[in-house]
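*Asks:* Contents of data_30.cif (mmCIF, C-alpha atoms and all ligand atoms) are below:
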data_entry
#
loop_
_atom_site.group_PDB
_atom_site.id
_atom_site.type_symbol
_atom_site.label_atom_id
_atom_site.label_comp_id
_atom_site.auth_asym_id
_atom_site.auth_seq_id
_atom_site.Cartn_x
_atom_site.Cartn_y
_atom_site.Cartn_z
ATOM 1 C CA MET A 1 -10.827 3.126 -12.835
ATOM 2 C CA MET A 2 -10.129 -0.384 -11.756
ATOM 3 C CA ALA A 3 -7.519 -3.085 -11.898
ATOM 4 C CA LEU A 4 -7.622 -6.595 -13.310
ATOM 5 C CA ILE A 5 -4.881 -8.552 -11.598
ATOM 6 C CA VAL A 6 -4.091 -12.225 -12.158
ATOM 7 C CA ILE A 7 -1.851 -14.308 -9.909
ATOM 8 C CA ILE A 8 -0.459 -17.470 -11.442
ATOM 9 C CA SER A 9 2.302 -19.939 -10.610
ATOM 10 C CA GLY A 10 4.706 -22.344 -12.203
ATOM 11 C CA LYS A 11 5.245 -25.981 -11.336
ATOM 12 C CA SER A 12 5.147 -26.072 -7.543
ATOM 13 C CA SER A 13 2.337 -24.821 -5.315
ATOM 14 C CA PRO A 14 3.868 -21.633 -3.933
ATOM 15 C CA GLY A 15 0.655 -20.234 -2.415
ATOM 16 C CA THR A 16 -1.226 -18.584 -5.295
ATOM 17 C CA THR A 17 -4.690 -19.350 -3.978
ATOM 18 C CA THR A 18 -3.707 -18.447 -0.414
ATOM 19 C CA THR A 19 -2.352 -15.102 -1.600
ATOM 20 C CA VAL A 20 -5.473 -14.358 -3.677
ATOM 21 C CA ALA A 21 -7.636 -15.124 -0.632
ATOM 22 C CA ALA A 22 -5.524 -13.023 1.745
ATOM 23 C CA LEU A 23 -5.577 -10.064 -0.665
ATOM 24 C CA ALA A 24 -9.344 -10.396 -1.197
ATOM 25 C CA TYR A 25 -9.841 -10.419 2.581
ATOM 26 C CA GLY A 26 -8.080 -7.071 2.868
ATOM 27 C CA TRP A 27 -9.145 -5.455 -0.422
ATOM 28 C CA PRO A 28 -10.161 -1.819 0.167
ATOM 29 C CA ALA A 29 -12.694 -1.479 -2.690
ATOM 30 C CA PRO A 30 -15.399 -3.437 -4.511
ATOM 31 C CA LEU A 31 -13.838 -6.600 -5.874
ATOM 32 C CA VAL A 32 -14.642 -9.672 -7.913
ATOM 33 C CA VAL A 33 -12.483 -12.660 -7.009
ATOM 34 C CA ALA A 34 -12.406 -14.890 -10.066
ATOM 35 C CA ASP A 35 -11.269 -18.464 -9.575
ATOM 36 C CA CYS A 36 -9.769 -19.254 -12.986
ATOM 37 C CA ASP A 37 -7.572 -22.225 -12.064
ATOM 38 C CA PRO A 38 -8.071 -24.593 -15.039
ATOM 39 C CA ALA A 39 -7.111 -27.548 -12.838
ATOM 40 C CA GLY A 40 -10.088 -26.840 -10.571
ATOM 41 C CA GLY A 41 -10.974 -24.020 -8.208
ATOM 42 C CA ASP A 42 -9.950 -24.079 -4.550
ATOM 43 C CA LEU A 43 -11.365 -20.834 -3.147
ATOM 44 C CA ALA A 44 -14.965 -21.917 -2.453
ATOM 45 C CA THR A 45 -13.941 -25.259 -1.002
ATOM 46 C CA GLY A 46 -10.769 -23.965 0.703
ATOM 47 C CA TRP A 47 -10.744 -20.477 2.246
ATOM 48 C CA LEU A 48 -14.534 -20.258 2.041
ATOM 49 C CA SER A 49 -15.274 -23.869 3.003
ATOM 50 C CA PRO A 50 -16.971 -22.921 6.312
ATOM 51 C CA TRP A 51 -19.680 -21.144 4.260
ATOM 52 C CA TRP A 52 -19.781 -23.912 1.671
ATOM 53 C CA LEU A 53 -20.354 -26.461 4.425
ATOM 54 C CA ASN A 54 -23.096 -24.395 6.093
ATOM 55 C CA GLY A 55 -24.876 -23.981 2.776
ATOM 56 C CA ARG A 56 -24.323 -20.240 2.197
ATOM 57 C CA LEU A 57 -21.942 -20.702 -0.728
ATOM 58 C CA HIS A 58 -22.462 -22.826 -3.797
ATOM 59 C CA PRO A 59 -19.256 -23.903 -5.541
ATOM 60 C CA GLU A 60 -21.160 -25.010 -8.664
ATOM 61 C CA ARG A 61 -22.337 -21.452 -9.346
ATOM 62 C CA GLY A 62 -19.537 -19.506 -11.018
ATOM 63 C CA LEU A 63 -17.138 -19.822 -13.909
ATOM 64 C CA LEU A 64 -18.747 -22.844 -15.550
ATOM 65 C CA SER A 65 -22.336 -21.617 -15.148
ATOM 66 C CA PHE A 66 -21.288 -18.218 -16.599
ATOM 67 C CA CYS A 67 -19.653 -19.894 -19.592
ATOM 68 C CA THR A 68 -22.630 -22.168 -20.179
ATOM 69 C CA ALA A 69 -25.181 -19.368 -19.842
ATOM 70 C CA THR A 70 -23.302 -17.080 -22.266
ATOM 71 C CA ARG A 71 -22.469 -19.760 -24.842
ATOM 72 C CA HIS A 72 -24.576 -18.079 -27.531
ATOM 73 C CA THR A 73 -24.120 -14.505 -26.377
ATOM 74 C CA THR A 74 -22.174 -12.308 -28.748
ATOM 75 C CA SER A 75 -22.317 -9.031 -26.842
ATOM 76 C CA ILE A 76 -20.721 -9.547 -23.453
ATOM 77 C CA THR A 77 -21.486 -7.087 -20.665
ATOM 78 C CA ALA A 78 -20.473 -7.076 -17.003
ATOM 79 C CA ASP A 79 -24.043 -7.645 -15.786
ATOM 80 C CA LEU A 80 -23.981 -11.103 -17.370
ATOM 81 C CA LEU A 81 -21.643 -12.076 -14.533
ATOM 82 C CA THR A 82 -24.045 -11.040 -11.774
ATOM 83 C CA PRO A 83 -26.108 -14.265 -11.491
ATOM 84 C CA HIS A 84 -22.867 -16.256 -11.224
ATOM 85 C CA LEU A 85 -21.279 -14.171 -8.465
ATOM 86 C CA GLN A 86 -21.768 -14.879 -4.766
ATOM 87 C CA ALA A 87 -21.233 -12.916 -1.592
ATOM 88 C CA VAL A 88 -18.009 -13.665 0.240
ATOM 89 C CA PRO A 89 -19.085 -13.714 3.911
ATOM 90 C CA PRO A 90 -15.680 -12.844 5.473
ATOM 91 C CA ALA A 91 -14.984 -10.102 2.896
ATOM 92 C CA PRO A 92 -18.136 -7.998 2.402
ATOM 93 C CA ARG A 93 -16.614 -5.880 -0.378
ATOM 94 C CA ALA A 94 -15.854 -8.965 -2.470
ATOM 95 C CA ARG A 95 -17.942 -11.234 -4.671
ATOM 96 C CA LEU A 96 -16.741 -14.638 -5.784
ATOM 97 C CA LEU A 97 -16.817 -16.218 -9.220
ATOM 98 C CA SER A 98 -16.360 -19.785 -8.071
ATOM 99 C CA GLY A 99 -14.031 -22.053 -10.041
ATOM 100 C CA LEU A 100 -14.283 -25.344 -11.873
ATOM 101 C CA ALA A 101 -15.084 -28.553 -10.003
ATOM 102 C CA ASP A 102 -13.252 -30.743 -12.483
ATOM 103 C CA PRO A 103 -10.308 -30.019 -14.835
ATOM 104 C CA ALA A 104 -12.292 -31.726 -17.609
ATOM 105 C CA GLN A 105 -14.626 -28.725 -17.546
ATOM 106 C CA ALA A 106 -11.774 -26.523 -18.789
ATOM 107 C CA ILE A 107 -12.297 -28.060 -22.225
ATOM 108 C CA SER A 108 -15.653 -26.324 -22.546
ATOM 109 C CA LEU A 109 -13.926 -23.033 -21.714
ATOM 110 C CA GLN A 110 -11.543 -23.260 -24.619
ATOM 111 C CA GLU A 111 -14.416 -22.685 -27.017
ATOM 112 C CA GLY A 112 -14.575 -18.975 -26.342
ATOM 113 C CA GLY A 113 -15.372 -19.254 -22.629
ATOM 114 C CA TRP A 114 -12.164 -17.593 -21.445
ATOM 115 C CA ILE A 115 -12.624 -14.860 -24.038
ATOM 116 C CA ARG A 116 -16.172 -14.138 -22.872
ATOM 117 C CA LEU A 117 -14.943 -14.106 -19.288
ATOM 118 C CA ALA A 118 -12.095 -11.707 -20.149
ATOM 119 C CA HIS A 119 -14.611 -9.349 -21.808
ATOM 120 C CA ALA A 120 -16.999 -9.503 -18.861
ATOM 121 C CA LEU A 121 -14.244 -8.939 -16.283
ATOM 122 C CA THR A 122 -12.837 -6.008 -18.252
ATOM 123 C CA ALA A 123 -16.329 -4.519 -18.542
ATOM 124 C CA LEU A 124 -16.524 -4.329 -14.729
ATOM 125 C CA SER A 125 -14.451 -1.141 -14.963
ATOM 126 C CA THR A 126 -17.385 0.736 -16.472
ATOM 127 C CA VAL A 127 -20.444 -0.510 -14.563
ATOM 128 C CA PRO A 128 -22.821 2.357 -13.646
ATOM 129 C CA SER A 129 -22.635 1.583 -9.917
ATOM 130 C CA GLY A 130 -18.874 2.277 -9.966
ATOM 131 C CA PRO A 131 -15.734 0.454 -11.035
ATOM 132 C CA VAL A 132 -14.972 -2.974 -9.623
ATOM 133 C CA ASP A 133 -11.474 -4.433 -9.286
ATOM 134 C CA VAL A 134 -10.829 -8.021 -10.311
ATOM 135 C CA LEU A 135 -8.409 -10.410 -8.681
ATOM 136 C CA ALA A 136 -8.052 -13.750 -10.457
ATOM 137 C CA ASP A 137 -6.402 -17.029 -9.487
ATOM 138 C CA GLY A 138 -4.853 -18.261 -12.739
ATOM 139 C CA GLY A 139 -3.724 -21.638 -11.397
ATOM 140 C CA ARG A 140 -0.512 -23.170 -12.736
ATOM 141 C CA LEU A 141 1.161 -22.225 -15.961
ATOM 142 C CA THR A 142 3.035 -25.115 -17.547
ATOM 143 C CA ALA A 143 3.727 -25.970 -21.163
ATOM 144 C CA GLU A 144 1.319 -28.913 -21.021
ATOM 145 C CA ALA A 145 -1.584 -27.365 -19.125
ATOM 146 C CA GLU A 146 -4.329 -25.146 -20.474
ATOM 147 C CA ALA A 147 -4.057 -21.591 -19.217
ATOM 148 C CA PRO A 148 -6.704 -18.852 -19.162
ATOM 149 C CA TRP A 149 -4.702 -16.809 -21.687
ATOM 150 C CA PRO A 150 -7.479 -14.390 -22.689
ATOM 151 C CA VAL A 151 -7.815 -13.363 -19.041
ATOM 152 C CA LEU A 152 -4.025 -13.067 -18.640
ATOM 153 C CA GLU A 153 -3.801 -10.950 -21.775
ATOM 154 C CA ALA A 154 -6.595 -8.654 -20.622
ATOM 155 C CA ALA A 155 -4.953 -8.125 -17.225
ATOM 156 C CA ASP A 156 -3.362 -4.891 -16.101
ATOM 157 C CA LEU A 157 -0.959 -6.916 -14.016
ATOM 158 C CA VAL A 158 0.052 -10.589 -14.074
ATOM 159 C CA LEU A 159 1.884 -11.690 -10.952
ATOM 160 C CA LEU A 160 3.915 -14.879 -10.953
ATOM 161 C CA ALA A 161 3.663 -16.425 -7.490
ATOM 162 C CA VAL A 162 6.935 -17.816 -6.138
ATOM 163 C CA ARG A 163 8.411 -19.053 -2.907
ATOM 164 C CA PRO A 164 11.662 -17.258 -2.168
ATOM 165 C CA VAL A 165 13.750 -20.433 -2.016
ATOM 166 C CA PRO A 166 16.259 -21.449 -4.686
ATOM 167 C CA ARG A 167 14.446 -24.596 -5.882
ATOM 168 C CA HIS A 168 11.159 -22.737 -6.341
ATOM 169 C CA LEU A 169 12.761 -19.725 -7.992
ATOM 170 C CA HIS A 170 14.419 -22.076 -10.437
ATOM 171 C CA SER A 171 11.217 -23.987 -11.182
ATOM 172 C CA ALA A 172 9.363 -20.709 -11.799
ATOM 173 C CA GLN A 173 11.598 -19.888 -14.782
ATOM 174 C CA PRO A 174 9.677 -21.867 -17.438
ATOM 175 C CA ALA A 175 6.404 -20.180 -16.424
ATOM 176 C CA LEU A 176 8.093 -16.791 -16.645
ATOM 177 C CA THR A 177 9.381 -17.655 -20.112
ATOM 178 C CA LEU A 178 5.825 -18.520 -21.225
ATOM 179 C CA LEU A 179 4.484 -15.292 -19.728
ATOM 180 C CA ARG A 180 7.189 -13.179 -21.378
ATOM 181 C CA GLN A 181 6.137 -14.501 -24.789
ATOM 182 C CA ARG A 182 2.638 -13.081 -24.431
ATOM 183 C CA ILE A 183 2.516 -10.430 -21.701
ATOM 184 C CA PRO A 184 4.350 -7.097 -21.997
ATOM 185 C CA GLN A 185 7.186 -6.699 -19.483
ATOM 186 C CA ASP A 186 5.595 -3.686 -17.780
ATOM 187 C CA ARG A 187 2.553 -5.776 -16.851
ATOM 188 C CA LEU A 188 4.561 -8.597 -15.271
ATOM 189 C CA GLY A 189 5.575 -8.875 -11.642
ATOM 190 C CA LEU A 190 6.141 -11.332 -8.811
ATOM 191 C CA ALA A 191 4.013 -12.251 -5.809
ATOM 192 C CA VAL A 192 6.444 -13.634 -3.268
ATOM 193 C CA CYS A 193 4.737 -16.145 -0.963
ATOM 194 C CA GLY A 194 6.312 -16.863 2.396
ATOM 195 C CA THR A 195 9.059 -14.316 2.876
ATOM 196 C CA GLY A 196 11.459 -14.956 5.725
ATOM 197 C CA GLN A 197 15.218 -15.283 5.545
ATOM 198 C CA LEU A 198 14.895 -14.860 1.804
ATOM 199 C CA GLY A 199 12.354 -12.564 0.268
ATOM 200 C CA VAL A 200 11.357 -10.128 -2.428
ATOM 201 C CA ARG A 201 14.904 -8.975 -3.133
ATOM 202 C CA GLU A 202 16.204 -12.483 -3.888
ATOM 203 C CA ALA A 203 13.164 -13.290 -6.025
ATOM 204 C CA HIS A 204 13.682 -10.099 -8.014
ATOM 205 C CA THR A 205 17.405 -10.813 -8.433
ATOM 206 C CA VAL A 206 16.895 -14.372 -9.688
ATOM 207 C CA LEU A 207 13.873 -13.788 -11.925
ATOM 208 C CA GLY A 208 14.621 -10.243 -13.093
ATOM 209 C CA ILE A 209 11.136 -8.779 -12.710
ATOM 210 C CA PRO A 210 9.946 -6.613 -9.811
ATOM 211 C CA ALA A 211 8.122 -8.068 -6.824
ATOM 212 C CA ARG A 212 4.775 -6.305 -6.394
ATOM 213 C CA LEU A 213 4.036 -7.990 -3.111
ATOM 214 C CA GLY A 214 5.525 -10.275 -0.495
ATOM 215 C CA LEU A 215 3.568 -12.116 2.162
ATOM 216 C CA PRO A 216 5.390 -13.469 5.223
ATOM 217 C CA GLU A 217 5.864 -17.163 5.931
ATOM 218 C CA ASP A 218 3.091 -18.036 8.397
ATOM 219 C CA PRO A 219 1.764 -21.577 8.004
ATOM 220 C CA GLU A 220 -0.978 -21.228 10.599
ATOM 221 C CA THR A 221 -2.607 -18.123 9.095
ATOM 222 C CA ALA A 222 -1.971 -19.412 5.582
ATOM 223 C CA ARG A 223 -4.107 -22.449 6.404
ATOM 224 C CA VAL A 224 -7.047 -20.136 7.089
ATOM 225 C CA PHE A 225 -6.739 -18.774 3.556
ATOM 226 C CA SER A 226 -5.926 -22.074 1.842
ATOM 227 C CA ASP A 227 -8.172 -24.444 3.781
ATOM 228 C CA GLY A 228 -10.639 -22.341 5.765
ATOM 229 C CA LEU A 229 -9.392 -23.769 9.044
ATOM 230 C CA HIS A 230 -9.942 -21.721 12.227
ATOM 231 C CA HIS A 231 -11.403 -18.682 10.476
ATOM 232 C CA ASP A 232 -12.200 -16.084 13.121
ATOM 233 C CA LYS A 233 -11.801 -12.374 13.785
ATOM 234 C CA LYS A 234 -8.267 -12.828 15.132
ATOM 235 C CA VAL A 235 -7.083 -13.524 11.587
ATOM 236 C CA ARG A 236 -7.318 -9.850 10.703
ATOM 237 C CA ARG A 237 -4.676 -8.993 13.291
ATOM 238 C CA THR A 238 -2.062 -11.436 12.003
ATOM 239 C CA THR A 239 1.005 -10.120 10.238
ATOM 240 C CA LEU A 240 0.064 -12.059 7.121
ATOM 241 C CA ALA A 241 -3.434 -10.529 6.906
ATOM 242 C CA ARG A 242 -2.151 -7.039 7.712
ATOM 243 C CA THR A 243 0.638 -7.297 5.140
ATOM 244 C CA ALA A 244 -1.889 -8.545 2.589
ATOM 245 C CA ALA A 245 -4.242 -5.636 3.337
ATOM 246 C CA ARG A 246 -1.424 -3.125 2.782
ATOM 247 C CA ALA A 247 -0.461 -4.878 -0.467
ATOM 248 C CA ALA A 248 -4.120 -4.875 -1.551
ATOM 249 C CA ALA A 249 -4.355 -1.127 -0.972
ATOM 250 C CA ARG A 250 -1.180 -0.576 -3.012
ATOM 251 C CA LEU A 251 -2.383 -2.787 -5.867
ATOM 252 C CA HIS A 252 -5.799 -1.118 -5.926
ATOM 253 C CA GLN A 253 -4.101 2.276 -6.045
ATOM 254 C CA ALA A 254 -1.564 1.196 -8.671
ATOM 255 C CA GLY A 255 -4.363 -0.321 -10.767
ATOM 256 C CA THR A 256 -5.860 3.124 -11.055
ATOM 257 C CA THR A 257 -2.528 4.527 -12.205
ATOM 258 C CA ILE A 258 -1.887 1.652 -14.611
ATOM 259 C CA ARG A 259 -5.283 2.189 -16.206
ATOM 260 C CA LEU A 260 -4.524 5.881 -16.602
ATOM 261 C CA ALA A 261 -1.196 5.031 -18.192
ATOM 262 C CA HIS A 262 -2.944 2.643 -20.583
ATOM 263 C CA TRP A 263 -5.508 5.231 -21.465
ATOM 264 C CA THR A 264 -3.075 7.861 -22.656
ATOM 265 C CA PRO A 265 -1.648 5.798 -25.543
ATOM 266 C CA THR A 266 -5.112 4.484 -26.418
ATOM 267 C CA THR A 267 -6.531 7.972 -26.792
ATOM 268 C CA MET A 268 -3.534 8.752 -28.969
ATOM 269 C CA GLY A 269 -4.567 5.930 -31.261
ATOM 270 C CA VAL A 270 -1.988 3.389 -30.138
ATOM 271 C CA ALA A 271 -3.436 -0.014 -29.229
ATOM 272 C CA ARG A 272 -2.914 -1.358 -25.719
HETATM 273 N N1 LIG B 301 2.656 -17.183 3.225
HETATM 274 C C1 LIG B 301 2.563 -18.484 3.508
HETATM 275 N N2 LIG B 301 3.162 -18.989 4.611
HETATM 276 C C2 LIG B 301 3.080 -20.300 4.908
HETATM 277 N N3 LIG B 301 2.433 -21.205 4.184
HETATM 278 C C3 LIG B 301 1.796 -20.774 3.071
HETATM 279 C C4 LIG B 301 1.840 -19.403 2.669
HETATM 280 N N4 LIG B 301 1.117 -19.275 1.526
HETATM 281 C C5 LIG B 301 0.649 -20.514 1.245
HETATM 282 N N5 LIG B 301 1.044 -21.413 2.160
HETATM 283 C C6 LIG B 301 0.684 -22.854 2.204
HETATM 284 O O1 LIG B 301 1.163 -23.474 1.026
HETATM 285 C C7 LIG B 301 0.265 -24.506 0.612
HETATM 286 C C8 LIG B 301 -0.093 -24.295 -0.835
HETATM 287 O O2 LIG B 301 -0.856 -23.134 -0.948
HETATM 288 P P1 LIG B 301 -1.883 -22.869 -2.126
HETATM 289 O O3 LIG B 301 -2.867 -23.950 -2.235
HETATM 290 O O4 LIG B 301 -2.358 -21.469 -1.955
HETATM 291 O O5 LIG B 301 -0.876 -22.931 -3.376
HETATM 292 P P2 LIG B 301 -1.201 -22.830 -4.923
HETATM 293 O O6 LIG B 301 -0.030 -22.150 -5.522
HETATM 294 O O7 LIG B 301 -2.535 -22.215 -5.136
HETATM 295 O O8 LIG B 301 -1.218 -24.373 -5.350
HETATM 296 P P3 LIG B 301 -1.969 -25.151 -6.560
HETATM 297 O O9 LIG B 301 -1.117 -24.942 -7.762
HETATM 298 O O10 LIG B 301 -1.987 -26.560 -6.117
HETATM 299 O O11 LIG B 301 -3.329 -24.538 -6.710
HETATM 300 C C9 LIG B 301 -0.933 -24.450 1.550
HETATM 301 O O12 LIG B 301 -0.813 -25.442 2.524
HETATM 302 C C10 LIG B 301 -0.831 -23.069 2.195
HETATM 303 O O13 LIG B 301 -1.384 -23.023 3.505
HETATM 304 MG MG MG B 302 -4.207 -22.856 -6.127
#
Show how you would write the structure in this file as structure tokens.
Ligand SMILES: Nc1ncnc2c1ncn2[C@@H]1O[C@H](COP(=O)(O)OP(=O)(O)OP(=O)(O)O)[C@@H](O)[C@H]1O
Ligand SMILES: [Mg+2]

*Replies:*
Amino acid sequence: MMALIVIISGKSSPGTTTTVAALAYGWPAPLVVADCDPAGGDLATGWLSPWWLNGRLHPERGLLSFCTATRHTTSITADLLTPHLQAVPPAPRARLLSGLADPAQAISLQEGGWIRLAHALTALSTVPSGPVDVLADGGRLTAEAEAPWPVLEAADLVLLAVRPVPRHLHSAQPALTLLRQRIPQDRLGLAVCGTGQLGVREAHTVLGIPARLGLPEDPETARVFSDGLHHDKKVRRTTLARTAARAAARLHQAGTTIRLAHWTPTTMGVAR
């Protein structure tokens, strides 16, 4: 049992990447963090930049190298991902599929790359060494931009990241409309970034789908997860990291239940 969860945003930068990083940091089980932002990945050069700069992490190994290596592969298995995954030093249970260096590279992914990735990520639920959860950064979803739709459609849960302030909630509507056209309602939710005076309740009220997580407003800790600044052991004790760890445990647990729920109709002959 595992979960494939994608976090994606609308127009503004609500904190998608930061939230993915904070969840990965506190994830309670084996995890692949997949940087699928078509506009370019930020995890290796942001949150994980201390290890990029000291040579332990290689941003060029990841999504693009996987897509290039599997260009002529017809039978996609999870082990094809292995050479393109890297250890995440601050989160020993996680492995990173680093993102694109240049949005122009997304063009090469349209030719079946996202589909191969979706197959490989889904196959992680049945690897012999035990199921692996997947948490993906889907970048921004706008009418003009390319989106990793095959990965979104394979996901157990797609979370639209929003800031709980009126302007952001309003500008998230077009992305939600796009998601509703292709993702079943029961697999959609919100990731509320920077709760404070306003929070998950307001986001739910305005957008009409349930909030699956809310991370508190905390610019200083957020900078650790967005930019890799001042990463040390104290981070784990912050409210943001502790809230993220609790949310990660809930999502991991719910992923198991979602999968079970999916499985019942499938075994009854009804497609997912
Ligand atoms: N919970 C939070 N509290 C305070 N600041 C936050 C929080 N989450 C994110 N931020 C800040 O918001 C900014 C944008 O974050 P981030 O890069 O994660 O957004 P994004 O949605 O991934 O944007 P993009 O679409 O550009 O990739 C960063 O400076 C980050 O530190
Ligand atoms: Mg981002």

*Asks:* With only C-alpha atoms and all ligand atoms counted and 7 Å as the cut-off, give the residues of chain A in contact with ligand MG 302 (chain B), each with its shortest interatomic distance in Å and the pair that gives it, as CSV.

*Replies:*
residue,atom,partner,partner_atom,distance
A:Ser13,CA,B:MG302,MG,6.9
A:Gly15,CA,B:MG302,MG,6.7
A:Thr16,CA,B:MG302,MG,5.3
A:Thr17,CA,B:MG302,MG,4.1
A:Asp37,CA,B:MG302,MG,6.9
A:Asp42,CA,B:MG302,MG,6.1
A:Gly139,CA,B:MG302,MG,5.4

*Asks:* Tell me, counting all atoms listed in the file, for each residue of chain A within 10 Å of ligand LIG 301 (chain B), which pair of atoms is nearest and how far apart they are in Å to one decimal, in rows ordered by chain and increasing number, as a tab-separated table.

*Replies:*
residue	atom	partner	partner_atom	distance
A:Ile7	CA	B:LIG301	O6	9.2
A:Ile8	CA	B:LIG301	O6	7.6
A:Ser9	CA	B:LIG301	O6	6.0
A:Gly10	CA	B:LIG301	O9	7.8
A:Lys11	CA	B:LIG301	O9	7.4
A:Ser12	CA	B:LIG301	O9	6.4
A:Ser13	CA	B:LIG301	O6	3.6
A:Pro14	CA	B:LIG301	O6	4.2
A:Gly15	CA	B:LIG301	O5	3.2
A:Thr16	CA	B:LIG301	O6	3.8
A:Thr17	CA	B:LIG301	O4	3.7
A:Thr18	CA	B:LIG301	O4	3.7
A:Thr19	CA	B:LIG301	N4	6.3
A:Val20	CA	B:LIG301	O4	8.0
A:Ala21	CA	B:LIG301	O4	8.4
A:Ala22	CA	B:LIG301	N4	9.1
A:Asp37	CA	B:LIG301	O11	7.2
A:Pro38	CA	B:LIG301	O11	9.6
A:Ala39	CA	B:LIG301	O11	7.8
A:Gly40	CA	B:LIG301	O11	8.1
A:Gly41	CA	B:LIG301	O11	7.8
A:Asp42	CA	B:LIG301	O11	7.0
A:Leu43	CA	B:LIG301	O3	9.1
A:Gly46	CA	B:LIG301	O3	8.4
A:Trp47	CA	B:LIG301	O4	9.4
A:Asp137	CA	B:LIG301	O7	7.8
A:Gly138	CA	B:LIG301	O11	8.8
A:Gly139	CA	B:LIG301	O11	5.5
A:Arg140	CA	B:LIG301	O9	5.3
A:Leu141	CA	B:LIG301	O9	8.9
A:Leu160	CA	B:LIG301	O6	9.9
A:Ala161	CA	B:LIG301	O6	7.1
A:Val162	CA	B:LIG301	O6	8.2
A:Arg163	CA	B:LIG301	N4	8.5
A:Val192	CA	B:LIG301	N1	8.3
A:Cys193	CA	B:LIG301	N1	4.8
A:Gly194	CA	B:LIG301	N1	3.8
A:Thr195	CA	B:LIG301	N1	7.0
A:Gly196	CA	B:LIG301	N2	9.3
A:Gly214	CA	B:LIG301	N1	8.4
A:Leu215	CA	B:LIG301	N1	5.3
A:Pro216	CA	B:LIG301	N1	5.0
A:Glu217	CA	B:LIG301	N2	3.5
A:Asp218	CA	B:LIG301	N2	3.9
A:Pro219	CA	B:LIG301	C2	3.6
A:Glu220	CA	B:LIG301	C2	7.1
A:Thr221	CA	B:LIG301	N2	7.4
A:Ala222	CA	B:LIG301	O13	4.2
A:Arg223	CA	B:LIG301	O13	4.0
A:Val224	CA	B:LIG301	O13	7.3
A:Phe225	CA	B:LIG301	O13	6.8
A:Ser226	CA	B:LIG301	O13	4.9
A:Asp227	CA	B:LIG301	O13	6.9
A:Gly228	CA	B:LIG301	O13	9.6
A:Leu229	CA	B:LIG301	O13	9.8
A:Leu240	CA	B:LIG301	N1	6.9
A:Ala241	CA	B:LIG301	N1	9.7
A:Ala244	CA	B:LIG301	N1	9.8

*Asks:* Fewer than 3 positions away in the same chain doesn't count, so skip those; otherwise give me all residues within 10 Å of Arg182 of chain A, counting all atoms listed in the file, as a PyMOL selection string.

*Replies:* chain A and resi 149+152-153+177-179+185

*Asks:* Enumerate, as a list in words, the residues matched when the PyMOL selection byres (((chain A and resi 33) around 6) and not hetatm) is run on the file above.

*Replies:*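 So the PyMOL selection byres (((chain A and resi 33) around 6) and not hetatm) ends up selecting Val32, Ala34, Leu96, Val134, Leu135 and Ala136 of chain A.
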
*Asks:* So how far away is atom CA of Glu146 of chain A from atom CA of Thr74 of chain A, in Å?

*Replies:* 23.5 Å

*Asks:* Distance atom CA of His58 of chain A-atom CA of Cys36 of chain A, one decimal place?

*Replies:*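 Separation of atom CA of His58 of chain A and atom CA of Cys36 of chain A: 16.1 Å.
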
*Asks:* Measuring atom to atom with all atoms listed in the file, identify which of A:Ala3, A:Gly199, A:Gln86, A:Asp156 is nearest to Leu124 of chain A.

*Replies:*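 That would be A:Ala3, the residue with the smallest distance to Leu124 of chain A.
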